[in-house]
Amino acid sequence: AWPFANRSGCFWGVPSISADDPAFLVAGGTSGIYWRGETWSPQVFLVYWALERYDHIPVVKAARRGLCAQQQTLLLAVWDAHHHVCENYPSIIANQTASEFDCTGNQFYMWGGLSGFIGLIEAGFYNASMA
């Protein structure tokens with residue numbers, strides 16, 4: 001896994017804002033913490049694509065692989081515990097085990113599956129040039 005994960009208490013690595021931002025997970029407006037630090041699969045997918053473009057750099061390749069492993073663990077932990085594919089996921093788990101947390105948004109949302117799709121790409125089950 002990526003060696004820099006879990007800094008600043010941000011367990012899943014790709015929050016919607018930086019974990020050191022003063023607004024991180026602070027409720028605001030009518031949306032609560034909706035876009036203030038949760039992990040969103042479409043954003044993770046874009047990060048994956050960006051990392052893939054620089055695959056020739058070993059540390060970037062390691063980051064991409066770590067991101068895939070991290071997101072697969074996140075998706076499967078929630079699926080195994082609750083059978084949910086989330087709109088968004090918590091970025092931190094505090095003192096909880098993976099099976100004790102659940103979605104922070106809708107419990108069945110189509111783009112939540114992108115966290116698993118990057119693992120399929122990584123394993124070679126999908127290649128855009130084959131589509």
# chains A, B, ... in the order shown; residues from 1 in each chain; ligands from 1

$ closest_atom_pairs --of "stretch 18-103 of chain A" --to "stretch 112-119 of chain A" --cutoff "8 Å" --atoms "only C-alpha atoms" --output "JSON lines"
{"residue": "A:Trp40", "atom": "CA", "partner": "A:Gly112", "partner_atom": "CA", "distance": 7.4}
{"residue": "A:Ser41", "atom": "CA", "partner": "A:Ser115", "partner_atom": "CA", "distance": 5.3}
{"residue": "A:Pro42", "atom": "CA", "partner": "A:Leu114", "partner_atom": "CA", "distance": 6.5}
{"residue": "A:Val44", "atom": "CA", "partner": "A:Ser115", "partner_atom": "CA", "distance": 7.0}
{"residue": "A:Phe45", "atom": "CA", "partner": "A:Leu114", "partner_atom": "CA", "distance": 6.4}
{"residue": "A:Tyr48", "atom": "CA", "partner": "A:Ile118", "partner_atom": "CA", "distance": 7.3}
{"residue": "A:Cys68", "atom": "CA", "partner": "A:Gly119", "partner_atom": "CA", "distance": 5.4}
{"residue": "A:Ala69", "atom": "CA", "partner": "A:Gly119", "partner_atom": "CA", "distance": 7.4}
{"residue": "A:Gln71", "atom": "CA", "partner": "A:Ser115", "partner_atom": "CA", "distance": 5.4}
{"residue": "A:Gln72", "atom": "CA", "partner": "A:Gly116", "partner_atom": "CA", "distance": 5.6}
{"residue": "A:Leu75", "atom": "CA", "partner": "A:Ser115", "partner_atom": "CA", "distance": 6.6}
{"residue": "A:Val85", "atom": "CA", "partner": "A:Gly112", "partner_atom": "CA", "distance": 5.4}
{"residue": "A:Cys86", "atom": "CA", "partner": "A:Gly112", "partner_atom": "CA", "distance": 5.0}
{"residue": "A:Glu87", "atom": "CA", "partner": "A:Gly112", "partner_atom": "CA", "distance": 5.3}
{"residue": "A:Asn88", "atom": "CA", "partner": "A:Gly112", "partner_atom": "CA", "distance": 6.8}

$ atom_distance --atom1 "atom CA of A:Leu120" --atom2 "atom CA of A:Ile92"
24.6 Å

$ atom_distance --atom1 "atom CA of A:Val14" --atom2 "atom CA of A:Thr39"
5.8 Å

$ atom_distance --atom1 "atom CA of A:Asn106" --atom2 "atom CA of A:Ala128"
28.8 Å

$ select_by_dssp --residues "stretch 13-61 of chain A" --states "alpha helix (DSSP H)" --output "ChimeraX atom specification"
/A:41-53,58-61

$ residues_around --residues "A:Leu51" --least-positions-apart "5" --cutoff "9 Å" --atoms "only C-alpha atoms" --output "list of chain:residue names"
A:Leu46, A:Val60, A:Lys61, A:Ala63, A:Arg64

$ write_last_selection --atoms "N, CA and C atoms" --output "JSON list (two decimals), in the first residue's frame"
[["chain", "number", "residue", "atom", "x", "y", "z"],
["A", 46, "LEU", "N", -10.79, 10.24, -11.16],
["A", 46, "LEU", "CA", -10.00, 11.26, -11.85],
["A", 46, "LEU", "C", -8.55, 11.26, -11.38],
["A", 60, "VAL", "N", 4.94, 7.40, -8.58],
["A", 60, "VAL", "CA", 3.57, 7.64, -9.04],
["A", 60, "VAL", "C", 2.87, 6.30, -9.28],
["A", 61, "LYS", "N", 3.58, 5.36, -9.85],
["A", 61, "LYS", "CA", 3.02, 4.02, -10.07],
["A", 61, "LYS", "C", 2.65, 3.38, -8.73],
["A", 63, "ALA", "N", 1.87, 5.01, -6.00],
["A", 63, "ALA", "CA", 0.72, 5.75, -5.48],
["A", 63, "ALA", "C", -0.56, 5.25, -6.13],
["A", 64, "ARG", "N", -0.53, 5.03, -7.43],
["A", 64, "ARG", "CA", -1.71, 4.54, -8.15],
["A", 64, "ARG", "C", -2.13, 3.17, -7.63]]
